Each structure stands twice: as C-alpha cells, then as structure tokens.
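Engineer: Here you go, run13.cif (mmCIF, C-alpha atoms and all ligand atoms):
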```cif
data_query
#
loop_
_atom_site.label_atom_id
_atom_site.label_comp_id
_atom_site.auth_asym_id
_atom_site.auth_seq_id
_atom_site.Cartn_x
_atom_site.Cartn_y
_atom_site.Cartn_z
CA MET A 1 -3.85 15.10 32.20
CA VAL A 2 -3.54 15.25 28.39
CA GLU A 3 -6.22 13.22 26.62
CA LYS A 4 -4.63 10.59 24.35
CA GLY A 5 -4.78 10.99 20.59
CA LEU A 6 -6.79 8.74 18.31
CA LEU A 7 -5.02 5.96 16.40
CA ILE A 8 -6.37 5.92 12.84
CA VAL A 9 -5.56 2.89 10.68
CA LEU A 10 -6.11 2.99 6.93
CA SER A 11 -5.73 -0.43 5.35
CA GLY A 12 -6.73 -2.25 2.19
CA PRO A 13 -5.18 -4.14 -0.70
CA SER A 14 -2.04 -3.06 -2.48
CA GLY A 15 -2.83 -0.66 -5.31
CA VAL A 16 -6.24 0.44 -4.02
CA GLY A 17 -4.91 3.97 -3.51
CA LYS A 18 -4.05 4.16 0.21
CA GLY A 19 -0.90 6.19 -0.43
CA THR A 20 -2.64 8.50 -2.89
CA VAL A 21 -5.51 9.16 -0.49
CA ARG A 22 -3.16 9.59 2.49
CA LYS A 23 -0.98 12.09 0.60
CA GLN A 24 -4.05 14.11 -0.41
CA ILE A 25 -5.37 14.15 3.18
CA PHE A 26 -1.97 15.27 4.50
CA SER A 27 -1.70 17.98 1.84
CA GLN A 28 -4.75 19.71 3.33
CA PRO A 29 -3.69 22.45 5.78
CA GLU A 30 -6.49 21.56 8.22
CA THR A 31 -5.17 18.02 8.70
CA ALA A 32 -4.11 17.86 12.32
CA PHE A 33 -2.91 14.28 12.69
CA GLU A 34 0.57 12.80 12.39
CA TYR A 35 1.66 10.22 9.82
CA SER A 36 3.72 7.33 11.16
CA ILE A 37 6.47 6.52 8.66
CA SER A 38 6.90 2.75 8.37
CA MET A 39 10.03 0.63 8.21
CA THR A 40 10.51 -1.72 5.28
CA THR A 41 13.07 -4.05 3.76
CA ARG A 42 11.70 -3.29 0.27
CA LYS A 43 14.11 -1.44 -1.98
CA PRO A 44 13.17 2.22 -2.62
CA ARG A 45 11.19 2.89 -5.78
CA GLU A 46 12.25 5.70 -8.06
CA GLY A 47 11.61 8.99 -6.26
CA GLU A 48 11.14 7.44 -2.82
CA VAL A 49 13.17 9.07 -0.05
CA ASP A 50 14.48 7.41 3.12
CA GLY A 51 12.80 8.92 6.17
CA VAL A 52 9.97 10.41 4.09
CA ASP A 53 8.27 7.50 2.31
CA TYR A 54 9.74 4.77 4.50
CA PHE A 55 12.72 4.06 6.71
CA PHE A 56 14.51 1.59 4.41
CA LYS A 57 16.23 -1.22 6.33
CA SER A 58 18.16 -4.39 5.56
CA ARG A 59 16.56 -7.68 6.61
CA GLU A 60 19.12 -7.96 9.42
CA GLU A 61 18.32 -4.49 10.72
CA PHE A 62 14.60 -5.22 10.56
CA GLU A 63 14.97 -8.53 12.41
CA THR A 64 16.94 -6.75 15.13
CA LEU A 65 14.08 -4.24 15.49
CA ILE A 66 11.66 -7.16 15.87
CA GLU A 67 13.86 -8.79 18.54
CA GLN A 68 14.17 -5.49 20.43
CA GLY A 69 10.38 -5.05 20.49
CA LYS A 70 10.64 -1.79 18.55
CA LEU A 71 7.66 -2.51 16.30
CA LEU A 72 4.01 -2.07 17.17
CA GLU A 73 3.20 -4.51 14.38
CA TYR A 74 4.97 -6.01 11.43
CA ALA A 75 4.18 -8.30 8.53
CA GLU A 76 5.92 -10.01 5.69
CA PHE A 77 4.13 -8.94 2.52
CA VAL A 78 5.08 -10.39 -0.88
CA GLY A 79 8.65 -11.09 0.23
CA ASN A 80 9.44 -7.98 2.26
CA TYR A 81 8.99 -6.90 5.86
CA TYR A 82 6.94 -3.83 6.74
CA GLY A 83 6.45 -2.51 10.28
CA THR A 84 5.35 0.40 12.44
CA PRO A 85 7.76 1.98 14.96
CA VAL A 86 6.16 1.58 18.38
CA ASP A 87 7.91 4.42 20.25
CA TYR A 88 6.82 7.07 17.74
CA VAL A 89 3.20 5.92 17.86
CA ARG A 90 2.97 5.72 21.65
CA GLU A 91 4.80 9.01 22.28
CA THR A 92 2.65 10.88 19.75
CA LEU A 93 -0.62 9.47 21.11
CA ASP A 94 0.50 10.24 24.67
CA ALA A 95 1.14 13.85 23.60
CA GLY A 96 -2.55 14.04 22.64
CA LYS A 97 -2.03 13.93 18.86
CA ASP A 98 -3.83 11.61 16.45
CA VAL A 99 -1.61 9.16 14.57
CA PHE A 100 -2.39 7.88 11.07
CA LEU A 101 -1.10 4.47 9.93
CA GLU A 102 -1.27 3.28 6.33
CA ILE A 103 -0.61 -0.46 6.52
CA GLU A 104 -1.64 -3.79 5.04
CA VAL A 105 -4.25 -6.08 6.54
CA GLN A 106 -2.18 -8.53 8.65
CA GLY A 107 -0.55 -5.58 10.41
CA ALA A 108 -3.91 -3.88 10.95
CA SER A 109 -5.18 -7.02 12.75
CA GLN A 110 -2.17 -6.91 15.09
CA VAL A 111 -2.83 -3.23 15.83
CA ARG A 112 -6.49 -4.02 16.54
CA GLU A 113 -5.37 -6.47 19.27
CA LYS A 114 -3.12 -3.88 20.92
CA PHE A 115 -5.33 -0.83 20.32
CA PRO A 116 -8.95 -2.02 20.20
CA GLU A 117 -9.97 1.61 20.76
CA GLY A 118 -8.38 2.63 17.43
CA LEU A 119 -10.35 3.64 14.33
CA PHE A 120 -10.02 1.08 11.55
CA ILE A 121 -10.90 2.07 7.98
CA PHE A 122 -10.72 -0.30 5.01
CA LEU A 123 -10.17 1.28 1.61
CA ALA A 124 -11.86 -0.86 -1.03
CA PRO A 125 -11.44 -0.84 -4.81
CA PRO A 126 -14.47 -0.39 -7.10
CA SER A 127 -13.69 -3.87 -8.54
CA LEU A 128 -10.85 -6.40 -8.75
CA SER A 129 -10.25 -5.53 -12.38
CA GLU A 130 -9.89 -1.83 -11.49
CA LEU A 131 -7.50 -2.81 -8.67
CA LYS A 132 -5.31 -4.74 -11.12
CA ASN A 133 -5.51 -1.84 -13.55
CA ARG A 134 -4.24 0.54 -10.84
CA ILE A 135 -1.27 -1.66 -9.89
CA VAL A 136 -0.38 -2.16 -13.56
CA THR A 137 -0.74 1.57 -14.35
CA ARG A 138 1.45 2.53 -11.39
CA GLY A 139 4.20 0.65 -13.21
CA THR A 140 6.25 -0.26 -10.13
CA GLU A 141 5.81 -4.06 -10.02
CA SER A 142 6.91 -6.93 -12.25
CA GLU A 143 4.24 -9.23 -13.70
CA ASP A 144 5.05 -11.85 -11.05
CA LEU A 145 4.65 -9.31 -8.22
CA ILE A 146 1.39 -8.01 -9.69
CA GLY A 147 0.05 -11.58 -9.58
CA ARG A 148 1.19 -12.05 -5.98
CA ARG A 149 -0.26 -8.71 -4.87
CA MET A 150 -3.58 -9.56 -6.56
CA GLN A 151 -3.65 -12.96 -4.83
CA ALA A 152 -3.01 -11.26 -1.47
CA ALA A 153 -5.74 -8.71 -2.31
CA LYS A 154 -8.40 -11.43 -2.58
CA ASP A 155 -7.57 -12.68 0.94
CA GLU A 156 -7.46 -9.10 2.28
CA ILE A 157 -10.82 -8.11 0.80
CA GLU A 158 -12.44 -11.06 2.61
CA LEU A 159 -11.48 -9.41 5.92
CA MET A 160 -13.11 -6.03 5.27
CA ASP A 161 -16.05 -6.82 7.59
CA LEU A 162 -13.66 -6.67 10.56
CA TYR A 163 -13.21 -2.92 10.04
CA ASP A 164 -15.19 -0.08 11.61
CA TYR A 165 -15.74 1.50 8.18
CA VAL A 166 -15.30 0.55 4.54
CA VAL A 167 -14.68 3.40 2.11
CA GLU A 168 -14.71 2.75 -1.62
CA ASN A 169 -11.93 4.58 -3.43
CA ASP A 170 -13.87 5.34 -6.58
CA GLN A 171 -12.65 8.96 -6.79
CA VAL A 172 -9.73 10.20 -4.70
CA ASP A 173 -11.48 13.45 -3.69
CA SER A 174 -14.65 11.80 -2.46
CA ALA A 175 -12.75 9.00 -0.67
CA CYS A 176 -10.72 11.65 1.19
CA ARG A 177 -13.88 13.58 2.08
CA ARG A 178 -15.51 10.44 3.48
CA ILE A 179 -12.42 9.49 5.50
CA ASN A 180 -12.15 13.00 6.95
CA ALA A 181 -15.88 12.94 7.82
CA ILE A 182 -15.47 9.57 9.58
CA ILE A 183 -12.56 10.91 11.65
CA VAL A 184 -14.49 14.06 12.64
CA ALA A 185 -17.58 12.02 13.54
CA GLU A 186 -15.51 9.56 15.55
CA HIS A 187 -13.99 12.42 17.57
CA CYS A 188 -17.45 13.84 18.29
CA ARG A 189 -18.76 10.43 19.37
CA ARG A 190 -15.82 9.77 21.69
CA GLU A 191 -15.88 13.24 23.20
CA ARG A 192 -19.61 12.91 23.94
CA VAL A 193 -19.00 9.65 25.78
CA ALA A 194 -16.11 11.21 27.72
CA ILE A 195 -18.27 14.22 28.72
CA ARG A 196 -21.09 11.92 29.88
CA TYR A 197 -18.68 9.97 32.06
CA LYS A 198 -17.14 13.11 33.52
CA LYS A 199 -20.63 14.35 34.47
CA MET A 200 -21.50 11.01 36.06
CA LEU A 201 -18.31 11.12 38.12
CA GLU A 202 -19.04 14.68 39.25
CA VAL A 203 -22.49 13.63 40.54
CA ASP A 204 -21.12 10.52 42.23
N1 LIG B 301 -9.52 6.77 -7.07
C1 LIG B 301 -8.57 6.44 -7.96
N2 LIG B 301 -8.90 6.34 -9.27
C2 LIG B 301 -7.96 6.00 -10.19
N3 LIG B 301 -6.66 5.73 -9.90
C3 LIG B 301 -6.29 5.81 -8.61
C4 LIG B 301 -7.21 6.17 -7.58
N4 LIG B 301 -6.56 6.16 -6.39
C5 LIG B 301 -5.28 5.82 -6.67
N5 LIG B 301 -5.12 5.62 -8.00
C6 LIG B 301 -3.89 5.20 -8.70
O1 LIG B 301 -3.70 3.81 -8.38
C7 LIG B 301 -2.31 3.52 -8.27
C8 LIG B 301 -2.03 2.89 -6.90
O2 LIG B 301 -2.23 3.87 -5.90
P1 LIG B 301 -1.36 3.87 -4.56
O3 LIG B 301 0.08 3.67 -4.86
O4 LIG B 301 -1.77 5.07 -3.81
O5 LIG B 301 -1.95 2.55 -3.87
P2 LIG B 301 -1.58 1.88 -2.47
O6 LIG B 301 -2.83 1.28 -1.95
O7 LIG B 301 -0.88 2.87 -1.60
O8 LIG B 301 -0.57 0.79 -2.93
P3 LIG B 301 0.48 -0.04 -2.04
O9 LIG B 301 -0.30 -0.63 -0.94
O10 LIG B 301 1.03 -1.03 -3.00
O11 LIG B 301 1.51 0.94 -1.57
C9 LIG B 301 -1.56 4.82 -8.48
O12 LIG B 301 -1.10 4.86 -9.82
C10 LIG B 301 -2.61 5.90 -8.24
O13 LIG B 301 -2.37 7.07 -8.99
N1 LIG B 302 1.90 -4.21 8.14
C1 LIG B 302 2.41 -3.12 7.58
N2 LIG B 302 2.16 -2.86 6.28
C2 LIG B 302 2.67 -1.74 5.75
C3 LIG B 302 3.43 -0.84 6.51
N3 LIG B 302 3.81 0.18 5.69
C4 LIG B 302 3.28 -0.07 4.50
N4 LIG B 302 2.58 -1.23 4.51
C5 LIG B 302 1.83 -1.86 3.44
O1 LIG B 302 2.62 -2.78 2.73
C6 LIG B 302 2.04 -2.97 1.43
C7 LIG B 302 3.07 -2.87 0.36
O2 LIG B 302 3.59 -1.55 0.32
P1 LIG B 302 4.46 -1.01 -0.93
O3 LIG B 302 4.92 0.37 -0.50
O4 LIG B 302 5.56 -1.97 -1.14
O5 LIG B 302 3.53 -0.99 -2.11
C8 LIG B 302 0.97 -1.88 1.28
O6 LIG B 302 -0.30 -2.48 1.50
C9 LIG B 302 1.32 -0.93 2.39
O7 LIG B 302 0.21 -0.19 2.86
C10 LIG B 302 3.65 -1.14 7.88
O8 LIG B 302 4.31 -0.41 8.64
N5 LIG B 302 3.13 -2.28 8.35
#
```
So that I can check it, write out the structure of this file as structure tokens.
Structural biologist:
Amino acid sequence: MVEKGLLIVLSGPSGVGKGTVRKQIFSQPETAFEYSISMTTRKPREGEVDGVDYFFKSREEFETLIEQGKLLEYAEFVGNYYGTPVDYVRETLDAGKDVFLEIEVQGASQVREKFPEGLFIFLAPPSLSELKNRIVTRGTESEDLIGRRMQAAKDEIELMDLYDYVVENDQVDSACRRINAIIVAEHCRRERVAIRYKKMLEVD
C-alpha cells in the first residue's frame, strides 16, 4: 500500500510573504511536494494567470462548488471567497505525494479539523509596521483594503499559538530554509514512528 503524502499548510496574515516564500521553495529543483492551486472570486491582479496563480471564479461558480462539496475548506476574506479543491488534495495525498497549501487562517483552522495529522506552519512578520509596509509596497491594494487586511492580520496573529511551528519571515532565504528544515524533520519524525509500529506489529 502507498503511504499517504504529508499535507503542509503555510498560513499567516496577508502581506507577510507567503506567496514569495512559496514561490522560492517551489523554484528549488529538490522540492518534491505539489502546490494546490486555490479557487478565488477575487479579480486577477496584473500578471496573474488563471490556472497558475488561482482558478478565478465568479461568485455563482464558487457557491456552486461549495454546494457540491468540492472544497476542502473555504473562507470569505476581505470581500472575496478563497478555497481549496478537495479532489486534487485527496488524490495527490493518496498517490503518496506531499501537498502544500498557502491559505489564510480561517481556512487553515478548517483544514486542521479535517486533517489533524497535517503540518501547520504560521509565517509571522517581524512587526506590524513591517507587515503594513510590505502590503503597501506590493502596490496591489487600495487604502481601504490595506486597512481591512491589517485589521484581519491582528486577529490572525492572535491565533499563531495554534500552529505546530511559527517561522518569522525576516529574510526570504532564511524563512525558506527554516520551512524546508521543518518539513524534512517532520518526515523523519513520522517515519520513525511508523517504523516503530511496524516492528511492534511484526513481534506481535
Ligand atoms: N522577507 C521579506 N522582506 C521584505 N519584503 C518581503 C519579504 N517577503 C515578502 N516580501 C514582500 O512583501 C510583499 C508581500 O509579499 P507576498 O505577496 O508574498 O505576501 P502574501 O503573504 O502572499 O500576501 P497575500 O496573503 O495577500 O497573498 C511583496 O511585495 C514581497 O516582495
Ligand atoms: N482559506 C483560503 N485562503 C486562501 C486560499 N488561497 C489563498 N488564500 C489566502 O487568501 C488571502 C488573500 O489572498 P490574495 O491573493 O488576495 O492576496 C491570503 O492570505 C491567501 O493566502 C484558499 O484556498 N483558502
């Protein structure tokens, strides 16, 4: 029987650098896990491509996906829906491959309920002022949306203790190194437990 893959969830406030860190991790040739592309009702930003950055949906289409049970989790974040396609995640894990989700905090809590065995990593900003600076510098949000994302960030940061690991994104390179090290260590830990159980069953 194929051993199931590990579900890795990277979460944290908007603008902390989740996408930047994820893209750097996936640009490394040794990265062996699969990225689950999310669905959203948000309009594409300049340069974003349907089926690469997100699957862009209308609200009606998204609500149909919810009704059909096609989403592992979903959340409404600052006026738009975001969600993870359940079939892709389950099929990939069942094929023995690790799946990487980059999602906000409400969605991560829903995933935790369905996959308590997942690995949950919270990406934290060095400070709230640096977080605001990053959202402003990215230049994708209006002033009103920056305020709403910062308000959501304060609530999200309060939940960081619920995660298995908190990684500060001070420098992209070192944040990526720490995340990769956590994933490697987590595999070693889980494999050791599995080996111990297999040995116990052999003796039994
Ligand atoms: N360690 C870092 N130091 C300085 N700037 C950073 C760092 N990491 C990311 N950034 C910058 O911060 C901005 C936000 O990053 P990014 O879009 O990756 O955040 P995000 O968490 O994915 O945001 P969202 O959740 O809104 O999609 C970008 O302009 C990015 O270049
Ligand atoms: N709950 C989910 N959150 C998601 C998903 N995909 C992305 N996100 C998060 O939404 C916010 C806003 O994203 P943006 O692209 O508009 O800046 C951010 O925190 C994303 O990580 C998802 O499938 N489910």
Engineer: Just checking: using only C-alpha atoms and all ligand atoms, which residue out of A:Tyr74, A:Phe62, A:Phe33, A:Phe122 ends up closest to ligand LIG 301 (chain B)?
Structural biologist: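 So, comparing all the options, the nearest one is A:Phe122.
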Engineer: Quick one: contact table of chain A to ligand LIG 302 (chain B), 6 Å max, nearest atom pair and distance in Å to one decimal per residue, counting all atoms listed in the file, chain and number order, as CSV?
Structural biologist:
```
residue,atom,partner,partner_atom,distance
A:Pro13,CA,B:LIG302,O6,5.6
A:Ser14,CA,B:LIG302,O6,4.4
A:Ser38,CA,B:LIG302,O8,4.1
A:Met39,CA,B:LIG302,O8,5.8
A:Tyr74,CA,B:LIG302,N1,4.8
A:Ala75,CA,B:LIG302,N1,4.7
A:Tyr82,CA,B:LIG302,C10,4.4
A:Gly83,CA,B:LIG302,O8,3.4
A:Thr84,CA,B:LIG302,O8,4.0
A:Glu102,CA,B:LIG302,O7,5.1
A:Ile103,CA,B:LIG302,C2,3.6
A:Glu104,CA,B:LIG302,O6,4.0
A:Gln106,CA,B:LIG302,N1,6.0
A:Gly107,CA,B:LIG302,N1,3.6
```
Engineer: Just how far from CA of Ile37 (chain A) is CA of Glu156 (chain A), in Å to one decimal?
Structural biologist: 21.9 Å
Engineer: Counting all atoms listed in the file, which residue out of A:Lys43, A:Arg149, A:Lys97, A:Lys70 sits closest to ligand LIG 301 (chain B)?
Structural biologist: A:Arg149
Engineer: Give me the residues within 6 Å of region 132-147 of chain A as a PDB file with C-alpha atoms, in the coordinates of the input, counting only C-alpha atoms and dropping any in the same chain fewer than 3 places off.
Structural biologist:
```pdb
ATOM      1  CA  GLY A  15      -2.830  -0.660  -5.310  1.00  0.00           C
ATOM      2  CA  SER A 129     -10.250  -5.530 -12.380  1.00  0.00           C
ATOM      3  CA  MET A 150      -3.580  -9.560  -6.560  1.00  0.00           C
TER       4      MET A 150
END
```
Engineer: Using CA of Tyr88 (chain A) and CA of Ile25 (chain A) as the two end points, give the distance in Å to one decimal.
Structural biologist: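 For CA of Tyr88 (chain A) relative to CA of Ile25 (chain A), the distance reads 20.3 Å.
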Engineer: Draw an axis-aligned box tight on the listed atoms of region 180-193 of chain A, then pad every side by 6 Å and write out centre and edge lengths in Å to one decimal as lines of an AutoDock Vina configuration file.
Structural biologist:
```
center_x = -15.9
center_y = 11.8
center_z = 16.4
size_x = 19.5
size_y = 16.5
size_z = 30.8
```
Engineer: Between CA of Arg22 (chain A) and CA of Val86 (chain A), measure the distance and give it in Å to one decimal.
Structural biologist: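 Those two atoms sit 20.1 Å apart.
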Engineer: Using only C-alpha atoms, collect all residues at a distance of at most 9 Å from (10.4, -8.2, 0.6) as written in the file, then present them as JSON, numbers by chain.
Structural biologist: {"A": [40, 41, 42, 43, 59, 76, 77, 78, 79, 80, 81, 82]}
Engineer: Which polymer residues, protein or nucleic acid, are no farther than 7 Å from (7.9, 0.0, 19.0), counting only C-alpha atoms, as a list in words?
Structural biologist: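 Output: Gly69, Lys70, Leu71, Leu72, Pro85, Val86 and Asp87 of chain A.
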